[in-house]
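Structure below is target03.txt: compact mmCIF, C-alpha atoms.
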# COMPACT_ATOMS: atom_id res chain seq x y z
CA MET A 1 10.54 -7.70 -15.18
CA THR A 2 8.69 -10.90 -16.07
CA LEU A 3 10.66 -14.14 -16.48
CA GLU A 4 9.28 -16.24 -19.33
CA LEU A 5 9.36 -19.98 -18.67
CA THR A 6 8.87 -22.75 -21.20
CA ALA A 7 6.60 -25.71 -20.63
CA GLY A 8 9.68 -27.77 -19.79
CA ASP A 9 10.84 -25.19 -17.25
CA LYS A 10 7.42 -25.20 -15.59
CA SER A 11 7.34 -28.99 -15.56
CA MET A 12 10.60 -29.07 -13.60
CA LEU A 13 9.54 -26.22 -11.34
CA HIS A 14 6.29 -27.97 -10.41
CA GLY A 15 8.03 -31.22 -9.46
CA GLU A 16 6.88 -33.28 -12.45
CA GLN A 17 10.50 -34.34 -13.12
CA GLY A 18 11.48 -35.08 -9.54
CA SER A 19 12.13 -33.15 -6.36
CA ALA A 20 15.81 -32.50 -7.12
CA ALA A 21 15.05 -30.93 -10.51
CA ALA A 22 12.30 -28.87 -8.85
CA ALA A 23 14.69 -27.58 -6.18
CA ALA A 24 17.33 -26.70 -8.79
CA MET A 25 14.80 -24.92 -11.00
CA LYS A 26 13.35 -23.00 -8.05
CA ILE A 27 16.80 -21.67 -7.16
CA LEU A 28 17.59 -20.91 -10.80
CA VAL A 29 14.33 -19.02 -11.32
CA ALA A 30 14.97 -16.89 -8.22
CA PHE A 31 18.52 -16.17 -9.43
CA ALA A 32 17.32 -15.29 -12.94
CA LYS A 33 14.79 -12.83 -11.55
CA ALA A 34 17.44 -11.27 -9.32
CA VAL A 35 19.77 -10.57 -12.26
CA GLY A 36 16.96 -9.34 -14.49
CA ALA A 37 16.90 -12.13 -17.07
CA ARG A 38 13.83 -12.28 -19.29
CA LYS A 39 14.11 -16.00 -20.07
CA LEU A 40 16.27 -19.08 -19.68
CA LEU A 41 18.38 -20.62 -22.44
CA ASN A 42 19.66 -24.12 -23.16
CA ILE A 43 23.28 -24.90 -22.26
CA ALA A 44 25.57 -27.47 -23.87
CA GLY A 45 27.60 -28.18 -20.74
CA ALA A 46 28.55 -27.12 -17.24
CA HIS A 47 31.62 -26.99 -14.99
CA ILE A 48 31.04 -27.21 -11.25
CA ASP A 49 33.17 -25.23 -8.80
CA GLY A 50 31.70 -26.71 -5.62
CA CYS A 51 34.00 -29.70 -5.06
CA LEU A 52 36.25 -27.89 -2.57
CA TYR A 53 35.02 -28.64 0.92
CA HIS A 54 34.27 -25.40 2.79
CA GLY A 55 31.87 -26.80 5.36
CA GLN A 56 28.86 -29.01 5.92
CA ALA A 57 26.46 -26.79 3.96
CA SER A 58 28.12 -27.59 0.63
CA LEU A 59 27.90 -31.32 1.30
CA ASP A 60 24.29 -31.09 2.51
CA PHE A 61 23.29 -29.28 -0.69
CA VAL A 62 24.66 -31.97 -3.00
CA GLU A 63 23.44 -34.90 -0.91
CA ARG A 64 19.93 -33.43 -0.77
CA LEU A 65 19.89 -33.38 -4.57
CA ILE A 66 21.03 -37.02 -4.62
CA GLU A 67 18.25 -37.98 -2.19
CA GLY A 68 15.78 -36.37 -4.60
CA GLY A 69 16.99 -38.55 -7.47
CA GLY A 70 18.91 -35.74 -9.08
CA ARG A 71 21.06 -36.13 -12.22
CA VAL A 72 22.78 -33.54 -14.36
CA ARG A 73 21.18 -33.07 -17.77
CA VAL A 74 24.25 -31.92 -19.74
CA PRO A 75 27.90 -33.04 -19.84
CA THR A 76 29.25 -31.67 -16.56
CA THR A 77 32.90 -31.48 -15.53
CA LEU A 78 34.17 -31.01 -11.98
CA ASN A 79 36.65 -28.50 -10.63
CA VAL A 80 39.39 -29.39 -8.15
CA GLY A 81 38.49 -30.79 -4.76
CA SER A 82 40.31 -30.68 -1.43
CA PHE A 83 41.91 -34.09 -1.88
CA ASP A 84 44.10 -35.93 -4.41
CA LEU A 85 42.19 -39.16 -4.93
CA ILE A 86 44.90 -40.52 -7.25
CA HIS A 87 47.79 -39.82 -4.84
CA PRO A 88 46.11 -39.87 -1.39
CA GLY A 89 49.42 -40.13 0.43
CA LEU A 90 50.35 -36.61 -0.66
CA VAL A 91 47.62 -34.90 1.34
CA LYS A 92 48.25 -34.17 5.02
CA MET A 93 44.77 -33.86 6.42
CA PRO A 94 43.14 -35.14 9.62
CA MET A 95 40.44 -37.74 9.04
CA SER A 96 37.82 -35.33 10.39
CA GLN A 97 38.52 -33.15 7.33
CA GLU A 98 39.47 -35.86 4.84
CA ALA A 99 36.23 -37.82 5.15
CA PRO A 100 33.84 -35.00 4.19
CA ALA A 101 36.26 -33.72 1.55
CA ARG A 102 36.29 -37.11 -0.17
CA ARG A 103 32.55 -37.48 0.35
CA LEU A 104 31.81 -34.17 -1.37
CA MET A 105 33.89 -35.10 -4.42
CA MET A 106 32.22 -38.51 -4.71
CA ALA A 107 28.76 -37.06 -4.20
CA HIS A 108 29.10 -35.01 -7.37
CA LEU A 109 29.85 -38.22 -9.26
CA ASP A 110 26.58 -39.66 -7.93
CA LEU A 111 24.82 -36.80 -9.72
CA GLY A 112 26.32 -37.94 -13.02
CA CYS A 113 29.17 -35.44 -13.23
CA GLN A 114 32.44 -36.41 -14.90
CA ALA A 115 35.41 -37.25 -12.66
CA THR A 116 37.66 -34.58 -14.18
CA PHE A 117 38.55 -32.70 -10.96
CA THR A 118 40.47 -30.07 -12.90
CA CYS A 119 40.41 -26.28 -13.01
CA ALA A 120 41.17 -26.52 -16.75
CA PRO A 121 38.19 -28.39 -18.26
CA TYR A 122 39.09 -26.85 -21.60
CA GLN A 123 42.01 -29.33 -21.67
CA THR A 124 39.63 -32.30 -21.62
CA ARG A 125 37.40 -33.90 -24.23
CA PHE A 126 34.58 -31.72 -22.87
CA ARG A 127 36.08 -28.53 -24.31
CA PRO A 128 33.24 -26.33 -25.63
CA ARG A 129 33.05 -24.87 -29.13
CA PHE A 130 32.90 -21.27 -30.30
CA GLY A 131 29.53 -19.70 -29.58
CA GLU A 132 28.29 -22.54 -27.37
CA GLN A 133 26.24 -21.58 -24.32
CA ILE A 134 27.68 -23.13 -21.13
CA ALA A 135 27.44 -22.57 -17.37
CA TRP A 136 30.91 -22.69 -15.84
CA GLY A 137 32.30 -21.99 -12.41
CA GLU A 138 36.05 -21.42 -11.65
CA SER A 139 37.44 -18.03 -12.60
CA ASN A 140 40.27 -19.10 -14.92
CA ALA A 141 38.05 -21.58 -16.75
CA ILE A 142 35.38 -18.93 -17.28
CA VAL A 143 37.74 -16.33 -18.72
CA PHE A 144 39.44 -18.93 -20.95
CA ALA A 145 36.14 -20.24 -22.31
CA ASN A 146 34.83 -16.77 -23.08
CA SER A 147 38.03 -15.22 -24.37
CA VAL A 148 40.19 -17.90 -25.99
CA ILE A 149 37.48 -20.26 -27.22
CA GLY A 150 34.60 -17.84 -27.68
CA ALA A 151 32.09 -19.96 -25.79
CA ARG A 152 29.60 -18.08 -23.59
CA THR A 153 29.24 -18.19 -19.83
CA ASN A 154 28.85 -15.84 -16.93
CA ARG A 155 30.83 -16.11 -13.71
CA TYR A 156 28.71 -18.76 -12.02
CA GLY A 157 29.39 -19.49 -8.38
CA ASP A 158 28.85 -22.55 -6.20
CA PHE A 159 25.32 -24.00 -6.27
CA ILE A 160 24.09 -21.88 -9.20
CA ASP A 161 26.43 -23.70 -11.60
CA LEU A 162 25.08 -27.02 -10.34
CA CYS A 163 21.48 -25.83 -10.68
CA CYS A 164 22.22 -25.00 -14.31
CA ALA A 165 23.66 -28.48 -14.84
CA MET A 166 20.66 -30.11 -13.13
CA THR A 167 18.19 -28.29 -15.37
CA GLY A 168 20.23 -27.85 -18.56
CA ARG A 169 19.25 -24.19 -18.45
CA ALA A 170 20.85 -20.82 -17.60
CA PRO A 171 19.54 -17.25 -17.34
CA ALA A 172 19.76 -15.33 -20.63
CA TRP A 173 21.77 -12.40 -19.32
CA GLY A 174 25.28 -10.98 -19.15
CA LEU A 175 27.93 -12.64 -21.33
CA HIS A 176 25.46 -15.13 -22.77
CA LEU A 177 24.19 -12.24 -24.93
CA SER A 178 26.17 -10.76 -27.83
CA GLU A 179 25.45 -7.15 -26.92
CA ASN A 180 27.07 -7.60 -23.52
CA ARG A 181 30.37 -8.93 -24.91
CA ARG A 182 31.56 -5.55 -26.21
CA GLY A 183 34.96 -4.37 -25.05
CA GLN A 184 34.78 -1.30 -22.85
CA ILE A 185 38.28 -0.39 -21.66
CA LEU A 186 41.33 -0.39 -23.95
CA PHE A 187 44.83 -1.38 -22.84
CA GLU A 188 47.58 -0.38 -25.25
CA LEU A 189 50.93 -2.16 -24.87
CA THR A 190 53.93 0.00 -25.69
CA GLY A 191 57.67 -0.48 -26.04
CA GLY A 192 57.96 -3.63 -28.16
CA LEU A 193 57.45 -6.13 -25.34
CA GLU A 194 58.87 -9.61 -25.88
CA PRO A 195 56.35 -12.50 -25.75
CA SER A 196 57.68 -14.29 -22.64
CA ASP A 197 55.49 -16.30 -20.26
CA ALA A 198 56.04 -13.63 -17.62
CA LEU A 199 54.78 -10.90 -19.96
CA PHE A 200 51.38 -12.56 -20.28
CA VAL A 201 51.15 -12.97 -16.49
CA GLY A 202 52.16 -9.34 -15.91
CA VAL A 203 49.68 -7.99 -18.46
CA GLY A 204 46.95 -10.12 -16.90
CA LEU A 205 47.69 -8.77 -13.44
CA LEU A 206 47.48 -5.16 -14.65
CA VAL A 207 44.35 -5.73 -16.73
CA GLY A 208 42.58 -7.35 -13.78
CA GLN A 209 43.55 -4.56 -11.38
CA LYS A 210 42.36 -1.75 -13.64
CA SER A 211 39.33 -3.17 -15.44
CA GLY A 212 36.88 -3.36 -12.56
CA ASP A 213 33.71 -4.93 -13.94
CA ARG A 214 34.41 -3.73 -17.49
CA ILE A 215 35.44 -5.94 -20.41
CA PRO A 216 39.05 -5.22 -21.38
CA VAL A 217 40.48 -5.00 -24.88
CA ILE A 218 44.24 -5.44 -25.26
CA SER A 219 46.05 -4.06 -28.30
CA GLY A 220 49.72 -4.56 -29.09
CA LEU A 221 49.93 -7.94 -27.33
CA PRO A 222 52.55 -10.13 -29.07
CA GLN A 223 51.27 -13.28 -30.72
CA PRO A 224 51.33 -15.98 -28.02
CA ARG A 225 53.48 -19.08 -28.44
CA ASP A 226 50.48 -21.21 -27.52
CA GLU A 227 47.16 -20.96 -25.71
CA ASP A 228 48.87 -21.61 -22.37
CA GLN A 229 50.19 -18.05 -22.43
CA LEU A 230 46.63 -16.78 -22.91
CA LYS A 231 45.56 -19.14 -20.12
CA ALA A 232 48.10 -17.47 -17.83
CA LEU A 233 46.94 -13.98 -18.82
CA GLY A 234 43.29 -14.79 -18.18
CA ALA A 235 43.99 -16.52 -14.88
CA ALA A 236 45.98 -13.52 -13.62
CA ALA A 237 43.28 -11.07 -14.76
CA ALA A 238 40.56 -13.11 -13.05
CA THR A 239 42.70 -13.27 -9.90
CA THR A 240 43.34 -9.56 -9.45
CA GLY A 241 39.96 -8.50 -10.83
CA ALA A 242 36.53 -9.70 -11.90
CA VAL A 243 37.50 -10.31 -15.53
CA ALA A 244 35.36 -12.97 -17.22
CA LEU A 245 36.16 -11.99 -20.81
CA PHE A 246 39.03 -10.18 -22.50
CA HIS A 247 39.64 -9.39 -26.14
CA ALA A 248 43.19 -9.44 -27.51
CA VAL A 249 43.21 -7.68 -30.88
CA GLY A 250 44.31 -9.95 -33.69
CA ILE A 251 44.49 -12.95 -31.35
CA THR A 252 41.20 -13.90 -29.70
CA PRO A 253 38.23 -14.99 -31.85
CA GLU A 254 35.93 -12.02 -31.21
CA ALA A 255 38.64 -9.42 -31.77
CA THR A 256 40.04 -9.87 -35.27
CA THR A 257 40.13 -6.06 -35.32
CA LEU A 258 39.93 -3.38 -32.66
CA ASP A 259 36.64 -2.22 -34.15
CA GLU A 260 35.16 -5.71 -33.80
CA ALA A 261 36.27 -5.97 -30.17
CA LEU A 262 34.65 -2.61 -29.35
CA HIS A 263 31.53 -3.30 -31.47
CA GLY A 264 32.30 -0.14 -33.42
CA LEU A 265 32.13 2.11 -30.36
CA VAL A 266 34.72 4.23 -28.55
CA PRO A 267 36.33 2.76 -25.41
CA GLU A 268 35.31 4.28 -22.11
CA GLU A 269 38.95 4.59 -21.10
CA LYS A 270 42.44 4.02 -22.52
CA ILE A 271 45.37 2.79 -20.43
CA ARG A 272 48.93 2.30 -21.63
CA ILE A 273 51.03 -0.58 -20.34
CA SER A 274 54.80 -0.19 -20.55
CA ARG A 275 57.70 -2.54 -19.92
CA ALA A 276 58.20 -0.86 -16.54
CA ASP A 277 54.54 -1.41 -15.62
CA VAL A 278 54.84 -5.14 -16.35
CA ARG A 279 58.12 -5.41 -14.46
CA HIS A 280 56.62 -3.68 -11.41
CA ALA A 281 53.50 -5.90 -11.45
CA LEU A 282 55.63 -9.05 -11.57
CA ALA A 283 57.99 -7.82 -8.85
CA ARG A 284 55.05 -7.53 -6.47
CA LEU A 285 54.42 -11.28 -6.77
CA SER A 286 57.72 -12.06 -5.03
CA SER A 287 58.23 -11.49 -1.32
CA VAL A 288 61.88 -12.64 -1.27
CA PRO A 289 65.07 -11.65 -3.15
CA ASP A 290 67.25 -13.85 -5.34
CA GLY A 291 69.61 -16.22 -3.57
CA VAL A 292 67.22 -17.22 -0.76
CA GLN A 293 67.07 -20.93 0.08
CA LEU A 294 64.18 -22.69 -1.61
CA ALA A 295 61.78 -25.20 -0.01
CA ALA A 296 59.81 -26.23 -3.09
CA VAL A 297 58.64 -25.32 -6.58
CA SER A 298 54.95 -25.40 -7.53
CA LEU A 299 53.81 -25.32 -11.16
CA GLY A 300 50.45 -25.80 -12.81
CA THR A 301 47.98 -23.22 -11.54
CA PRO A 302 45.84 -23.45 -13.64
CA HIS A 303 46.52 -27.14 -14.24
CA PHE A 304 49.49 -27.96 -16.48
CA SER A 305 48.58 -28.86 -20.05
CA HIS A 306 50.29 -31.61 -22.06
CA GLU A 307 52.14 -28.91 -23.99
CA GLU A 308 53.50 -27.40 -20.77
CA TRP A 309 54.71 -30.83 -19.67
CA MET A 310 56.52 -31.20 -22.99
CA ARG A 311 58.34 -27.94 -22.24
CA LEU A 312 59.11 -28.87 -18.63
CA LEU A 313 60.49 -32.41 -19.02
CA PRO A 314 63.39 -31.50 -21.36
CA LEU A 315 64.35 -28.66 -18.98
CA LEU A 316 64.55 -31.12 -16.10
CA ARG A 317 66.76 -33.48 -18.07
CA GLU A 318 69.23 -30.66 -18.74
CA VAL A 319 69.99 -30.03 -15.07
CA THR A 320 71.56 -32.04 -12.29
CA PRO A 321 68.89 -33.63 -10.06
CA GLY A 322 67.81 -31.14 -7.38
CA ARG A 323 69.10 -30.78 -3.86
CA GLY A 324 66.03 -32.26 -2.26
CA VAL A 325 63.83 -29.47 -3.63
CA PRO A 326 60.58 -31.05 -4.85
CA ILE A 327 58.86 -29.75 -7.98
CA TYR A 328 55.10 -30.15 -7.53
CA VAL A 329 53.15 -30.03 -10.78
CA ASN A 330 49.37 -29.68 -10.54
CA THR A 331 47.69 -31.26 -13.55
CA GLY A 332 44.47 -32.89 -14.69
CA ARG A 333 43.77 -36.60 -14.57
CA ALA A 334 43.38 -36.86 -18.33
CA THR A 335 46.71 -35.14 -18.92
CA LEU A 336 48.51 -37.35 -16.39
CA THR A 337 47.04 -40.50 -17.93
CA ARG A 338 48.25 -39.45 -21.35
CA LEU A 339 51.76 -38.77 -20.03
CA LYS A 340 51.91 -42.19 -18.36
CA ASP A 341 50.66 -43.91 -21.51
CA GLU A 342 53.45 -42.16 -23.43
CA GLY A 343 56.04 -43.15 -20.84
CA ALA A 344 56.98 -39.50 -20.54
CA LEU A 345 57.40 -39.52 -16.74
CA ALA A 346 59.69 -42.54 -16.49
CA GLY A 347 62.59 -41.81 -14.13
CA MET A 348 61.51 -38.23 -13.47
CA GLU A 349 61.13 -38.77 -9.72
CA ALA A 350 64.95 -38.53 -9.56
CA PHE A 351 64.55 -34.85 -10.41
CA GLY A 352 62.17 -34.28 -7.51
CA LEU A 353 59.07 -34.29 -9.71
CA VAL A 354 55.80 -34.78 -7.81
CA PRO A 355 52.62 -34.85 -9.96
CA VAL A 356 49.47 -33.65 -8.16
CA THR A 357 45.97 -34.31 -9.47
CA ASP A 358 42.38 -33.55 -8.41
CA THR A 359 43.42 -30.52 -6.34
CA CYS A 360 46.08 -27.80 -6.15
CA THR A 361 48.94 -27.11 -3.76
CA TYR A 362 47.62 -23.68 -2.79
CA VAL A 363 44.23 -24.96 -1.60
CA THR A 364 45.12 -28.04 0.45
CA SER A 365 47.94 -29.42 2.64
CA ILE A 366 50.41 -31.05 0.28
CA LEU A 367 53.70 -29.16 0.55
CA GLU A 368 56.17 -30.73 2.96
CA ARG A 369 57.30 -27.37 4.33
CA LEU A 370 55.14 -24.32 4.89
CA ASP A 371 57.86 -22.33 6.66
CA GLY A 372 60.03 -21.76 3.61
CA VAL A 373 60.07 -20.14 0.17
CA VAL A 374 58.14 -21.68 -2.71
CA MET A 375 58.84 -20.65 -6.29
CA THR A 376 56.18 -20.64 -8.98
CA ASN A 377 55.60 -19.50 -12.55
CA SER A 378 51.90 -18.88 -11.84
CA GLY A 379 50.56 -15.43 -11.12
CA LYS A 380 47.46 -16.97 -9.58
CA TRP A 381 49.47 -19.26 -7.25
CA ALA A 382 51.77 -16.40 -6.22
CA HIS A 383 48.78 -14.18 -5.46
CA TYR A 384 46.79 -16.65 -3.34
CA ALA A 385 49.32 -18.97 -1.69
CA PRO A 386 50.67 -16.54 0.96
CA GLY A 387 47.18 -16.01 2.36
CA ASN A 388 45.93 -19.56 1.83
CA ILE A 389 48.84 -21.64 3.13
CA GLY A 390 51.20 -19.07 4.65
CA VAL A 391 54.29 -19.50 2.45
CA SER A 392 56.67 -16.90 1.09
CA VAL A 393 56.73 -16.79 -2.71
CA ALA A 394 59.25 -16.19 -5.46
CA PHE A 395 57.91 -15.75 -8.99
CA GLY A 396 59.81 -16.66 -12.14
CA ASP A 397 59.51 -18.24 -15.58
CA MET A 398 59.42 -22.03 -15.86
CA GLU A 399 63.13 -22.02 -16.72
CA ASP A 400 63.89 -19.99 -13.58
CA CYS A 401 61.89 -22.46 -11.48
CA VAL A 402 63.82 -25.46 -12.82
CA ARG A 403 67.20 -23.79 -12.36
CA SER A 404 66.23 -22.75 -8.84
CA ALA A 405 65.15 -26.26 -7.90
CA ALA A 406 68.50 -27.61 -9.11
CA ALA A 407 70.43 -24.93 -7.22
CA GLY A 408 68.35 -25.17 -4.05
CA ARG A 409 67.93 -21.39 -3.99
CA VAL A 410 66.05 -18.71 -5.92
CA VAL A 411 67.79 -18.07 -9.23
CA ARG A 412 66.26 -15.78 -11.84
CA GLY A 413 67.39 -14.62 -15.24
CA ALA A 414 67.11 -11.14 -16.67
CA PRO A 415 63.65 -9.55 -16.22
Would you write the structure of this file as structure tokens?
Amino acid sequence: MTLELTAGDKSMLHGEQGSAAAAAMKILVAFAKAVGARKLLNIAGAHIDGCLYHGQASLDFVERLIEGGGRVRVPTTLNVGSFDLIHPGLVKMPMSQEAPARRLMMAHLDLGCQATFTCAPYQTRFRPRFGEQIAWGESNAIVFANSVIGARTNRYGDFIDLCCAMTGRAPAWGLHLSENRRGQILFELTGGLEPSDALFVGVGLLVGQKSGDRIPVISGLPQPRDEDQLKALGAAAATTGAVALFHAVGITPEATTLDEALHGLVPEEKIRISRADVRHALARLSSVPDGVQLAAVSLGTPHFSHEEWMRLLPLLREVTPGRGVPIYVNTGRATLTRLKDEGALAGMEAFGLVPVTDTCTYVTSILERLDGVVMTNSGKWAHYAPGNIGVSVAFGDMEDCVRSAAAGRVVRGAP
């Protein structure tokens, strides 16, 4: 299959716009040919997933682009890094690891990227619009952009996302194209499920496990309280599976009806999800029973929105300050700045509140104790943290997490 290039594409490829642009276009052209794209398309923005330091190669790649005079050509946000640049004292990292981790984050700024360092760029002023073509990395951001906003991106990995940003172009394939956004597998919720936060996590876990590489359609999902519940569903589905787009009938913008979500076709498979299925999926997130002593609580994976903070802070004020159990809340810089400007966090340290920015507690060394039980309301955190940082996990709603922090032990309400 022949890849058609514009005069601008060829100009970059041939080095007429600098060696960095040429290198990025060369990689992008090879990638486009590999996935069978016929042409490249313009993008309105990018989100880069390569700020986490995984070794020298990632740093070399970015610094080589800087040496070649590289600059991103579209508004480009940055995902979390390995270090909290706002609260450096939180991170417990030897200098041999800290130096390159910081250097990688700063190197992306030298390319002209925005210092967002958040896994939830849709909570910033760079939120895309419906139908906009973008090139995003970070699984939860991708599924949110496609599903909740209706923007268009594939699951771009490290380096390819940056090449798209450097050229302002992306391969015209996959979810960029309308015909590839059709729902393929139908999940039918049964039993009058209540719209709790945990429900959306549980449904996401099941949808991710069973969808494979197919686009899921969910019918019978209760109307969400806010987009944070859809954020939790998408993050869970992208954690247990390869979901980059889901349609929730009557809720998400490309699924006003079931027929619209399926593009008028019949689903390849139908799966029913019952109350028992959700309960079982959620139970698997916890490796400890109720009553076990708690070492910490971690919230905000994906990063806490302003709306989630407005739910959390009143809950904290209703309980007696915790028994030395810290409540870590991962959030974006923009959200934290807004909270501070509003004075919303004044005095909250008495309740054990520890804001974390630029990174997340399941990807770097922040928690004081790694030999205890950590409670979370995040399906993604509960799924990855045991393997990443070696903790035992208890899952519960935000209210359960606050009550547990105050009690110093795992306390959960009715399922």
Pick from A:Phe144, A:Phe395, A:Phe117, A:Tyr384 nearest to Ala244 in chain A, counting only C-alpha atoms: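 For Ala244 in chain A, the nearest of the candidates is A:Phe144.
Distance annotation: of A:Thr239, A:Gln17, A:Ser82, A:Ser404, the residue with the minimal separation from Leu315 in chain A is A:Ser404; atom set is all atoms listed in the file.
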Gap from CA of Ile48 in chain A to CA of Leu85 in chain A - Å, one decimal: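 A separation of 17.5 Å between them.
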Which neighbours of Ser196 in chain A fall inside 9 Å, counting all atoms listed in the file, when residues of the same chain fewer than 2 positions from it are skipped, and could you give them as a compact mmCIF listing (two decimals) with C-alpha atoms, in the coordinates of the input?
# COMPACT_ATOMS: atom_id res chain seq x y z
CA LEU A 193 57.45 -6.13 -25.34
CA GLU A 194 58.87 -9.61 -25.88
CA ALA A 198 56.04 -13.63 -17.62
CA LEU A 199 54.78 -10.90 -19.96
CA PHE A 200 51.38 -12.56 -20.28
CA PRO A 224 51.33 -15.98 -28.02
CA ARG A 225 53.48 -19.08 -28.44
CA GLN A 229 50.19 -18.05 -22.43
CA ASP A 397 59.51 -18.24 -15.58
Separation of CA of Leu336 in chain A from CA of Val356 in chain A, in Å and rounded to one decimal: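 For CA of Leu336 in chain A relative to CA of Val356 in chain A, the distance reads 9.1 Å.
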Contact residues around Val374 in chain A with all atoms listed in the file at 10 Å, ignoring same-chain residues under 5 positions, as a ChimeraX atom specification: /A:286,288,293-298,325-327,367,369,382,385-386,391-395,401,405,409-410
Selected residue of minimal separation from Lys33 in chain A among A:Ala107, A:Cys163, A:Ala281, A:Ala172, counting all atoms listed in the file: A:Ala172
Which of A:Thr124, A:Thr357, A:Asn42, A:Asn140 sits closest to Trp381 in chain A [using only C-alpha atoms]: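 Under the stated criterion, the closest residue is A:Asn140.
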Contacts of range 53-55 of chain A at 8 Å (all atoms listed in the file; same-chain gap of 4+ positions) as an NGL selection string: :A and (59 or 81-82 or 100-101 or 104)
Ser274 in chain A surroundings by all atoms listed in the file, 10 Å radius, close-in-sequence under 5 positions cut, as a PDB file with C-alpha atoms, keeping the file's coordinate frame:
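Contents of the output file around.pdb:
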ATOM      1  CA  GLU A 188      47.580  -0.380 -25.250  1.00  0.00           C
ATOM      2  CA  LEU A 189      50.930  -2.160 -24.870  1.00  0.00           C
ATOM      3  CA  THR A 190      53.930   0.000 -25.690  1.00  0.00           C
ATOM      4  CA  GLY A 191      57.670  -0.480 -26.040  1.00  0.00           C
ATOM      5  CA  GLY A 192      57.960  -3.630 -28.160  1.00  0.00           C
ATOM      6  CA  LEU A 193      57.450  -6.130 -25.340  1.00  0.00           C
ATOM      7  CA  VAL A 203      49.680  -7.990 -18.460  1.00  0.00           C
ATOM      8  CA  ARG A 279      58.120  -5.410 -14.460  1.00  0.00           C
ATOM      9  CA  HIS A 280      56.620  -3.680 -11.410  1.00  0.00           C
TER      10      HIS A 280
END
Close residues, Lys92 in chain A itself excluded, 12 Å, all atoms listed in the file, min 6 positions apart in chain, as a list in words: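 Listed by chain and then number, they are Ser82, Phe83, Asp84, Glu98, Thr361, Thr364, Ser365, Ile366, Leu367, Glu368 and Arg369 of chain A.
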Among the residues A:Ala37, A:Met166, A:Ile218, A:Val363, the one that comes closest to Cys51 in chain A [using only C-alpha atoms]: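 Among the listed residues, the smallest separation from Cys51 in chain A belongs to A:Val363.
Going from CA of Cys360 in chain A to CA of Gly332 in chain A covers 10.1 Å.
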Nearest candidate to Thr153 in chain A (options A:Leu206, A:Ala236, A:Leu41, A:Ala22; using only C-alpha atoms):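 The closest residue to Thr153 in chain A is A:Leu41.
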Within-12 Å shell of (19.1, -15.0, -16.4) in input frame, only C-alpha atoms, as a ChimeraX atom specification: /A:1-5,27-42,135,153-154,156,160,164,169-177
Could you work out an axis-aligned box for range 69-76 of chain A, taking every atom the file lists and adding 3 Å on each side, and report centre and edge lengths in Å to one decimal, as AutoDock Vina command-line options?
--center_x 23.1 --center_y -35.1 --center_z -13.7 --size_x 18.3 --size_y 12.9 --size_z 18.4
With a cut-off of 12 Å, could you pull out the residues of range 57-124 of chain A touching range 12-16 of chain A and give me the nearest pair of atoms for each, distance in Å to one decimal, using all atoms listed in the file, ordered by chain and ascending number, as JSON lines?
{"residue": "A:Gly68", "atom": "CA", "partner": "A:Gly15", "partner_atom": "CA", "distance": 10.5}
{"residue": "A:Gly69", "atom": "CA", "partner": "A:Gly15", "partner_atom": "CA", "distance": 11.7}
{"residue": "A:Gly70", "atom": "CA", "partner": "A:Met12", "partner_atom": "CA", "distance": 11.6}
Output of the above residues as a CSV table (one decimal), in the coordinates of the input, restricted to C-alpha atoms:
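New file result_24.csv:
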chain,number,residue,atom,x,y,z
A,68,GLY,CA,15.8,-36.4,-4.6
A,69,GLY,CA,17.0,-38.6,-7.5
A,70,GLY,CA,18.9,-35.7,-9.1
